[in-house]
file work_20.txt (compact mmCIF, C-alpha atoms)
# COMPACT_ATOMS: atom_id res chain seq x y z
CA MET Z 93 -10.96 0.53 26.09
CA ALA Z 94 -14.05 2.77 25.87
CA ALA Z 95 -11.88 5.63 24.60
CA LYS Z 96 -10.36 3.37 21.98
CA ILE Z 97 -13.75 2.21 20.72
CA ARG Z 98 -14.97 5.82 20.57
CA GLU Z 99 -11.86 6.91 18.69
CA MET Z 100 -12.31 4.10 16.15
CA ALA Z 101 -15.97 4.93 15.63
CA ILE Z 102 -15.22 8.63 15.10
CA SER Z 103 -12.39 7.86 12.72
CA GLN Z 104 -14.65 5.59 10.64
CA LEU Z 105 -17.36 8.25 10.59
CA ARG Z 106 -14.82 10.83 9.44
CA ARG Z 107 -13.60 8.55 6.70
CA GLY Z 108 -17.15 7.99 5.55
CA VAL Z 109 -18.21 11.63 5.37
CA LEU Z 110 -14.98 13.35 4.30
CA GLU Z 111 -15.43 12.33 0.70
CA PHE Z 112 -18.76 14.13 0.58
CA CYS Z 113 -17.36 17.16 2.36
CA VAL Z 114 -14.88 17.47 -0.50
CA LEU Z 115 -17.69 17.18 -3.04
CA ALA Z 116 -19.68 19.82 -1.11
CA LEU Z 117 -16.73 22.23 -1.19
CA LEU Z 118 -16.72 21.91 -4.98
CA ARG Z 119 -20.44 22.62 -5.32
CA ASP Z 120 -19.88 26.29 -6.16
CA GLY Z 121 -17.05 25.76 -8.60
CA GLU Z 122 -13.53 24.41 -8.95
CA ARG Z 123 -10.82 24.67 -6.29
CA TYR Z 124 -7.22 23.51 -6.21
CA SER Z 125 -5.92 20.80 -3.89
CA TYR Z 126 -4.19 22.95 -1.27
CA ASP Z 127 -7.23 25.24 -1.07
CA LEU Z 128 -9.49 22.19 -0.51
CA VAL Z 129 -7.17 20.70 2.09
CA ARG Z 130 -6.98 23.98 4.00
CA ALA Z 131 -10.76 24.40 4.00
CA LEU Z 132 -11.20 20.86 5.39
CA GLY Z 133 -8.33 21.30 7.86
CA ASP Z 134 -9.93 24.48 9.23
CA ALA Z 135 -13.22 22.69 9.97
CA ASP Z 136 -13.19 21.70 13.65
CA GLY Z 137 -12.70 18.01 14.38
CA LEU Z 138 -12.99 16.85 10.79
CA VAL Z 139 -9.37 16.18 9.84
CA THR Z 140 -6.51 15.01 12.04
CA THR Z 141 -3.71 15.11 9.48
CA GLU Z 142 -3.98 17.14 6.29
CA GLY Z 143 -1.65 14.84 4.37
CA THR Z 144 -4.06 11.91 4.40
CA LEU Z 145 -6.54 14.00 2.38
CA TYR Z 146 -4.40 13.68 -0.75
CA PRO Z 147 -4.94 9.91 -1.05
CA LEU Z 148 -8.66 10.68 -0.61
CA LEU Z 149 -8.55 13.18 -3.50
CA GLY Z 150 -6.86 10.51 -5.60
CA ARG Z 151 -9.64 8.07 -4.83
CA LEU Z 152 -12.30 10.60 -5.84
CA ARG Z 153 -10.52 11.06 -9.19
CA ARG Z 154 -10.46 7.33 -9.80
CA GLU Z 155 -14.12 7.02 -8.82
CA GLY Z 156 -14.91 9.64 -11.45
CA VAL Z 157 -16.81 11.97 -9.12
CA VAL Z 158 -14.29 14.74 -9.73
CA ASP Z 159 -12.31 15.91 -12.74
CA THR Z 160 -8.98 17.68 -12.53
CA THR Z 161 -6.84 20.07 -14.57
CA TRP Z 162 -3.28 21.19 -13.86
CA ARG Z 163 -2.69 24.91 -14.20
CA GLU Z 164 0.33 27.12 -13.69
CA SER Z 165 0.38 28.94 -10.38
CA PRO Z 166 1.52 32.56 -9.98
CA SER Z 167 4.11 31.18 -7.56
CA GLY Z 168 5.56 27.70 -7.09
CA PRO Z 169 4.70 24.43 -8.85
CA PRO Z 170 1.53 23.96 -10.96
CA ARG Z 171 -1.77 23.53 -9.13
CA ARG Z 172 -4.27 20.76 -9.65
CA TYR Z 173 -7.82 22.11 -9.91
CA TYR Z 174 -10.77 19.90 -8.98
CA ARG Z 175 -14.36 20.16 -10.13
CA LEU Z 176 -17.47 18.02 -9.77
CA THR Z 177 -18.50 15.68 -12.56
CA PRO Z 178 -22.21 14.96 -13.17
CA ASP Z 179 -21.63 11.71 -11.25
CA GLY Z 180 -20.17 13.69 -8.37
CA GLN Z 181 -23.12 16.05 -8.35
CA ALA Z 182 -25.55 13.13 -8.21
CA ALA Z 183 -23.54 11.44 -5.43
CA LEU Z 184 -23.52 14.63 -3.38
CA GLY Z 185 -27.25 15.24 -3.86
CA GLY Z 186 -28.06 11.70 -2.74
CA PHE Z 187 -25.77 11.89 0.25
CA VAL Z 188 -27.23 15.19 1.50
CA ILE Z 189 -30.71 13.62 1.72
CA GLU Z 190 -29.44 10.44 3.42
CA TRP Z 191 -27.22 12.39 5.80
CA THR Z 192 -30.07 14.61 6.97
CA ARG Z 193 -32.16 11.54 7.87
CA PHE Z 194 -29.22 9.84 9.54
CA ARG Z 195 -28.20 12.93 11.52
CA ASP Z 196 -31.76 13.61 12.71
CA SER Z 197 -32.22 10.02 13.89
CA VAL Z 198 -28.89 9.92 15.71
CA ASP Z 199 -29.51 13.34 17.27
CA ALA Z 200 -32.94 12.24 18.45
CA LEU Z 201 -31.54 9.09 20.07
CA LEU Z 202 -28.43 10.65 21.57
CA GLY Z 203 -30.36 13.71 22.72
CA ASN Z 204 -32.60 11.56 24.92
CA GLY Z 205 -29.67 9.65 26.26
CA VAL Z 206 -31.89 6.57 26.02
CA LEU Z 207 -31.57 3.91 23.38
CA ARG Z 208 -34.64 1.78 22.98
CA MET F 879 11.54 18.55 -9.48
CA THR F 880 11.47 21.98 -7.96
CA THR F 881 12.76 20.95 -4.57
CA ASP F 882 15.25 23.84 -4.71
CA THR F 883 12.37 26.26 -4.08
CA LEU F 884 11.29 24.37 -0.96
CA HIS F 885 12.23 25.05 2.63
CA PRO F 886 15.05 22.62 3.59
CA LEU F 887 12.80 20.84 6.10
CA ALA F 888 10.06 20.54 3.46
CA ALA F 889 12.56 19.07 0.98
CA GLU F 890 13.66 16.58 3.62
CA TYR F 891 10.01 15.66 4.27
CA LEU F 892 9.49 15.01 0.56
CA GLN F 893 12.51 12.69 0.55
CA ARG F 894 11.03 10.74 3.47
CA LEU F 895 7.73 10.48 1.62
CA ARG F 896 9.49 9.12 -1.46
CA ARG F 897 11.28 6.52 0.61
CA ALA F 898 8.13 5.52 2.51
CA GLY F 899 6.23 5.17 -0.77
CA ARG F 900 8.58 2.80 -2.54
CA GLY F 901 6.05 -0.01 -2.25
CA LEU F 902 3.36 1.93 -4.14
CA PRO F 903 2.81 1.56 -7.88
CA PRO F 904 5.09 4.21 -9.46
CA GLY F 905 2.23 6.20 -11.02
CA ARG F 906 0.44 6.48 -7.70
CA LEU F 907 3.56 7.65 -5.92
CA ARG F 908 4.31 10.24 -8.62
CA GLU F 909 0.83 11.76 -8.31
CA LEU F 910 1.03 11.82 -4.55
CA ILE F 911 4.48 13.43 -4.58
CA ALA F 912 3.27 16.11 -7.02
CA GLU F 913 0.33 16.98 -4.75
CA ILE F 914 2.36 17.01 -1.54
CA GLU F 915 5.09 19.06 -3.19
CA GLY F 916 2.45 21.64 -4.15
CA HIS F 917 1.17 21.61 -0.59
CA LEU F 918 4.64 22.11 0.89
CA SER F 919 5.48 24.99 -1.44
CA GLU F 920 2.24 26.77 -0.53
CA ALA F 921 2.22 26.00 3.18
CA ILE F 922 5.87 26.72 3.95
CA ASP F 923 7.68 29.77 2.62
CA PRO F 924 11.31 28.91 1.75
CA SER F 925 12.43 31.68 4.11
CA ALA F 926 10.15 30.58 6.99
CA SER F 927 11.73 29.78 10.35
CA ASP F 928 12.31 26.13 11.24
CA ALA F 929 9.62 26.42 13.91
CA GLN F 930 7.06 27.62 11.36
CA ALA F 931 8.07 24.85 8.98
CA LEU F 932 7.79 22.18 11.67
CA THR F 933 4.32 23.43 12.65
CA ALA F 934 3.13 23.10 9.05
CA LEU F 935 4.71 19.65 8.74
CA ASP F 936 2.98 18.54 11.95
CA LYS F 937 -0.36 19.49 10.45
CA LEU F 938 0.47 17.57 7.32
CA GLY F 939 1.24 14.41 9.36
CA GLU F 940 3.89 11.70 9.07
CA PRO F 941 4.87 10.60 5.52
CA GLU F 942 4.26 6.99 6.56
CA GLY F 943 0.69 7.90 7.53
CA ILE F 944 0.04 9.40 4.10
CA ILE F 945 1.41 6.31 2.37
CA ALA F 946 -0.71 4.10 4.64
CA ALA F 947 -3.79 6.11 3.65
CA GLU F 948 -2.93 5.55 -0.01
CA THR F 949 -2.28 1.83 0.43
CA PRO F 950 -5.77 0.43 1.22
CA ASP F 951 -6.88 2.06 -2.02
CA LEU F 952 -4.81 -0.48 -3.90
CA ASP F 953 -7.61 -2.94 -3.13
CA GLU F 954 -9.73 -1.11 -5.69
CA LEU F 955 -7.49 -2.32 -8.47
CA PRO F 956 -8.88 -5.44 -10.17
CA ALA F 957 -6.30 -7.12 -8.12
CA ARG F 958 -8.00 -9.80 -6.13
CA ARG F 959 -6.69 -13.29 -5.91
CA GLY F 960 -7.76 -15.06 -9.10
CA THR F 961 -6.73 -18.15 -11.05
CA LYS F 962 -3.62 -16.38 -12.34
CA GLU F 963 -2.52 -15.38 -8.87
CA TRP F 964 -2.97 -18.93 -7.56
CA ALA F 965 -1.04 -20.25 -10.57
CA ALA F 966 1.75 -17.74 -9.95
CA VAL F 967 2.11 -18.76 -6.29
CA ILE F 968 2.04 -22.50 -7.04
CA LEU F 969 4.47 -22.21 -9.97
CA LEU F 970 6.89 -20.08 -7.96
CA LEU F 971 6.89 -22.69 -5.22
CA LEU F 972 6.92 -25.94 -7.24
CA GLY F 973 7.50 -24.90 -10.86
CA GLY F 974 11.26 -25.25 -10.45
CA PHE F 975 10.85 -29.03 -10.55
CA ILE F 976 9.61 -28.75 -14.15
CA LEU F 977 13.13 -28.14 -15.51
CA GLY F 978 12.99 -24.63 -14.08
CA PHE F 979 10.53 -23.47 -16.73
CA GLY F 980 7.60 -23.63 -14.34
CA TRP F 981 9.26 -21.18 -12.02
CA ILE F 982 9.92 -18.73 -14.88
CA ALA F 983 6.26 -18.98 -15.92
CA GLY F 984 5.34 -18.23 -12.31
CA LEU F 985 7.64 -15.23 -12.38
CA ILE F 986 5.95 -13.86 -15.51
CA LEU F 987 2.52 -14.27 -13.93
CA LEU F 988 3.75 -12.63 -10.72
CA TRP F 989 5.12 -9.53 -12.46
CA ASN F 990 2.10 -9.19 -14.75
CA SER F 991 -0.41 -9.35 -11.92
CA ARG F 992 -1.76 -6.18 -10.34
CA ALA F 993 -2.50 -8.00 -7.12
CA TRP F 994 0.95 -7.29 -5.70
CA THR F 995 3.04 -4.21 -5.08
CA ILE F 996 6.55 -3.90 -6.49
CA ARG F 997 7.93 -4.82 -3.07
CA ASP F 998 5.82 -8.02 -2.96
CA LYS F 999 7.03 -8.92 -6.44
CA TRP F 1000 10.66 -8.59 -5.46
CA ILE F 1001 10.07 -10.75 -2.39
CA GLY F 1002 8.36 -13.34 -4.61
CA THR F 1003 11.30 -13.22 -7.01
CA LEU F 1004 14.21 -13.29 -4.59
CA VAL F 1005 12.94 -15.62 -1.82
CA ILE F 1006 14.06 -18.09 -3.23
CA PRO F 1007 14.72 -18.09 -7.01
CA GLY F 1008 13.61 -21.48 -8.26
CA GLY F 1009 11.41 -22.15 -5.22
CA LEU F 1010 11.53 -25.52 -3.50
CA ALA F 1011 13.55 -27.06 -6.33
CA THR F 1012 16.44 -24.77 -5.41
CA SER F 1013 16.06 -25.74 -1.75
CA VAL F 1014 16.29 -29.41 -2.63
CA LEU F 1015 19.30 -28.82 -4.86
CA ILE F 1016 21.18 -26.80 -2.28
CA GLY F 1017 20.16 -29.30 0.39
CA ARG F 1018 21.76 -32.12 -1.61
CA ILE F 1019 24.97 -30.18 -1.96
CA LEU F 1020 25.04 -29.27 1.72
CA LEU F 1021 24.26 -32.69 3.08
CA GLY F 1022 26.10 -34.67 0.48
CA THR F 1023 24.62 -37.57 -1.42
CA PRO F 1024 22.09 -39.56 0.55
CA THR F 1025 23.29 -42.57 2.47
CA LYS F 1026 23.92 -45.52 0.17
CA ARG F 1027 22.91 -48.97 1.24
CA LEU F 1028 24.29 -51.77 -0.83
CA CYS F 1029 23.19 -55.31 -0.44
CA HIS F 1030 25.05 -58.22 -1.89
CA GLY F 1031 22.47 -60.91 -1.72
CA ILE F 1032 22.12 -63.42 1.04
CA LEU F 1033 25.14 -65.02 2.64
CA GLY F 1034 24.53 -67.84 5.02
CA GLY F 1035 20.90 -66.88 5.56
CA LEU F 1036 21.74 -63.30 6.47
CA GLU F 1037 21.34 -60.37 4.19
CA HIS F 1038 24.72 -58.82 3.78
CA CYS F 1039 24.61 -55.07 3.42
CA THR F 1040 27.17 -52.33 3.61
CA THR F 1041 26.24 -48.79 4.42
CA SER F 1042 28.35 -45.94 3.23
CA ALA F 1043 27.54 -42.49 4.47
CA GLY F 1044 27.54 -39.71 1.89
CA GLN F 1045 30.07 -36.95 2.15
CA SER F 1046 28.64 -33.92 3.90
CA ILE F 1047 30.37 -30.57 3.48
CA VAL F 1048 28.86 -29.11 6.64
CA ALA F 1049 28.18 -30.47 10.09
CA PRO F 1050 24.94 -32.50 9.93
CA VAL F 1051 23.13 -30.34 12.53
CA LEU F 1052 23.97 -27.12 10.73
CA GLY F 1053 23.06 -28.70 7.42
CA VAL F 1054 19.64 -29.78 8.66
CA ALA F 1055 18.99 -26.31 10.11
CA LEU F 1056 19.98 -24.67 6.83
CA LEU F 1057 17.86 -27.09 4.87
CA ALA F 1058 14.86 -26.40 7.11
CA LEU F 1059 15.34 -22.68 6.51
CA LEU F 1060 15.68 -23.25 2.77
CA VAL F 1061 12.45 -25.24 2.68
CA LEU F 1062 10.53 -22.88 4.94
CA ALA F 1063 11.55 -19.65 3.14
CA PRO F 1064 9.78 -20.36 -0.17
CA ILE F 1065 6.75 -21.74 1.67
CA ALA F 1066 6.60 -18.60 3.82
CA THR F 1067 6.85 -16.49 0.66
CA SER F 1068 3.94 -18.40 -0.89
CA VAL F 1069 1.81 -17.82 2.21
CA TYR F 1070 2.79 -14.14 2.21
CA LEU F 1071 1.95 -13.67 -1.48
CA THR F 1072 -1.36 -15.48 -1.08
CA ARG F 1073 -2.33 -13.26 1.82
CA ARG F 1074 -1.19 -10.05 0.11
CA ALA F 1075 -3.35 -10.84 -2.91
CA ALA F 1076 -6.43 -11.67 -0.81
call {"tool": "encode", "arguments": {"input": "work_20.txt", "output": "structure tokens"}}
result
Amino acid sequence: MAAKIREMAISQLRRGVLEFCVLALLRDGERYSYDLVRALGDADGLVTTEGTLYPLLGRLRREGVVDTTWRESPSGPPRRYYRLTPDGQAALGGFVIEWTRFRDSVDALLGNGVLR
Amino acid sequence: MTTDTLHPLAAEYLQRLRRAGRGLPPGRLRELIAEIEGHLSEAIDPSASDAQALTALDKLGEPEGIIAAETPDLDELPARRGTKEWAAVILLLLGGFILGFGWIAGLILLWNSRAWTIRDKWIGTLVIPGGLATSVLIGRILLGTPTKRLCHGILGGLEHCTTSAGQSIVAPVLGVALLALLVLAPIATSVYLTRRAA
């Protein structure tokens, strides 16, 4: 039971932050989907199945925080390139500030091992 | 489609994804397939060993899982249960009694709404065309005409009545069971559609 609750909490946390991890990866310029998915997949403990990132990318497009362009690839089918929109940049900036506060508070509480 | 440039196991995976995604709006599925196809062609070389291909597919995850991750997003569509959705459900259930036109109106509302997936819409259409009106009609045929009770006035202080049972084409027990099923099916569909559009 405890393991199940922990797993659910972690999976909800992942779901909440992944979106902003994608935005952060695009901070320095555009990247195509597979490149993004690999970068997220390589980060330890962030992604369990790479395939579920594609629906997430779709949601970001519909939310208007990223823009995409299809371009021919030197090999294989065309690639979809993602880049931040001004809305995406603003969302990322806001999240970074909130996340730092959140992380520091949680670290402080968990670090003591005492919740008051 | 460029599935011919994919590893056979990758092509098979893509087929499974297509099948699993039949309930998604077609545009959504097309976009997802395009992205996953790109992923497969980059992650798995057509000449890779089966073991290498399977490792890459494991990392990608089950097709059903990808479709499930896409599905909750459908809630973002302006698809919540509104007046039109209520009207569609009620007309599909009871509209058949209005010379059948009500049911057709319900059908139009159902297919024009974005609250339901294609699969939901087919369920709403096929279980049972005409709604409860069809159930009643079929029930009448199955059980025969209802029992007739004829009274010929009063003879010697006693009401004189004759009862003639209608002709039933199936055994009464079977007929009642079938009728119950016929009545419950459209009601169950209405409940299902209402919940799916919530």
call {"tool": "closest_residue", "arguments": {"input": "work_20.txt", "among": "Z:Leu149, Z:Ala135, Z:Leu115, Z:Leu105", "to": "chain F", "atoms": "all atoms listed in the file"}}
result
Z:Leu149
call {"tool": "residues_around", "arguments": {"input": "work_20.txt", "residues": "stretch 974-983 of chain F", "least_positions_apart": "5", "cutoff": "10 Å", "atoms": "only C-alpha atoms", "output": "list in words"}}
result
Ala965, Ala966, Val967, Ile968, Leu969, Leu988, Thr1003, Pro1007, Gly1008, Gly1009, Leu1010, Ala1011, Thr1012, Ser1013 and Val1014 of chain F
call {"tool": "interface_residues", "arguments": {"input": "work_20.txt", "of": "chain F", "to": "chain Z", "cutoff": "9 Å", "atoms": "all atoms listed in the file", "output": "mmCIF file with C-alpha atoms, keeping the file's coordinate frame"}}
result
data_model
loop_
_atom_site.group_PDB
_atom_site.id
_atom_site.type_symbol
_atom_site.label_atom_id
_atom_site.label_comp_id
_atom_site.auth_asym_id
_atom_site.auth_seq_id
_atom_site.Cartn_x
_atom_site.Cartn_y
_atom_site.Cartn_z
ATOM 1 C CA THR F 880 11.470 21.980 -7.960
ATOM 2 C CA THR F 883 12.370 26.260 -4.080
ATOM 3 C CA ARG F 906 0.440 6.480 -7.700
ATOM 4 C CA GLU F 909 0.830 11.760 -8.310
ATOM 5 C CA LEU F 910 1.030 11.820 -4.550
ATOM 6 C CA ALA F 912 3.270 16.110 -7.020
ATOM 7 C CA GLU F 913 0.330 16.980 -4.750
ATOM 8 C CA ILE F 914 2.360 17.010 -1.540
ATOM 9 C CA GLU F 915 5.090 19.060 -3.190
ATOM 10 C CA GLY F 916 2.450 21.640 -4.150
ATOM 11 C CA HIS F 917 1.170 21.610 -0.590
ATOM 12 C CA SER F 919 5.480 24.990 -1.440
ATOM 13 C CA GLU F 920 2.240 26.770 -0.530
ATOM 14 C CA ALA F 921 2.220 26.000 3.180
ATOM 15 C CA ASP F 936 2.980 18.540 11.950
ATOM 16 C CA LYS F 937 -0.360 19.490 10.450
ATOM 17 C CA LEU F 938 0.470 17.570 7.320
ATOM 18 C CA GLY F 939 1.240 14.410 9.360
ATOM 19 C CA GLU F 940 3.890 11.700 9.070
ATOM 20 C CA PRO F 941 4.870 10.600 5.520
ATOM 21 C CA GLY F 943 0.690 7.900 7.530
ATOM 22 C CA ILE F 944 0.040 9.400 4.100
ATOM 23 C CA ILE F 945 1.410 6.310 2.370
ATOM 24 C CA ALA F 946 -0.710 4.100 4.640
ATOM 25 C CA ALA F 947 -3.790 6.110 3.650
ATOM 26 C CA GLU F 948 -2.930 5.550 -0.010
ATOM 27 C CA THR F 949 -2.280 1.830 0.430
ATOM 28 C CA ASP F 951 -6.880 2.060 -2.020
#
call {"tool": "atom_distance", "arguments": {"input": "work_20.txt", "atom1": "atom CA of F:Asp998", "atom2": "atom CA of Z:Arg153"}}
result
25.9 Å
call {"tool": "atom_distance", "arguments": {"input": "work_20.txt", "atom1": "atom CA of F:Leu935", "atom2": "atom CA of F:Glu890"}}
result
10.8 Å
call {"tool": "atom_distance", "arguments": {"input": "work_20.txt", "atom1": "atom CA of Z:Trp191", "atom2": "atom CA of Z:Arg98"}}
result
20.3 Å
call {"tool": "closest_residue", "arguments": {"input": "work_20.txt", "among": "Z:Ala94, Z:Cys113, Z:Val158, Z:Met100", "to": "Z:Pro178", "atoms": "only C-alpha atoms"}}
result
Z:Val158
call {"tool": "closest_residue", "arguments": {"input": "work_20.txt", "among": "F:Leu971, F:Leu1015, F:Lys999, F:Gly899", "to": "F:Leu1062", "atoms": "all atoms listed in the file"}}
result
F:Leu971
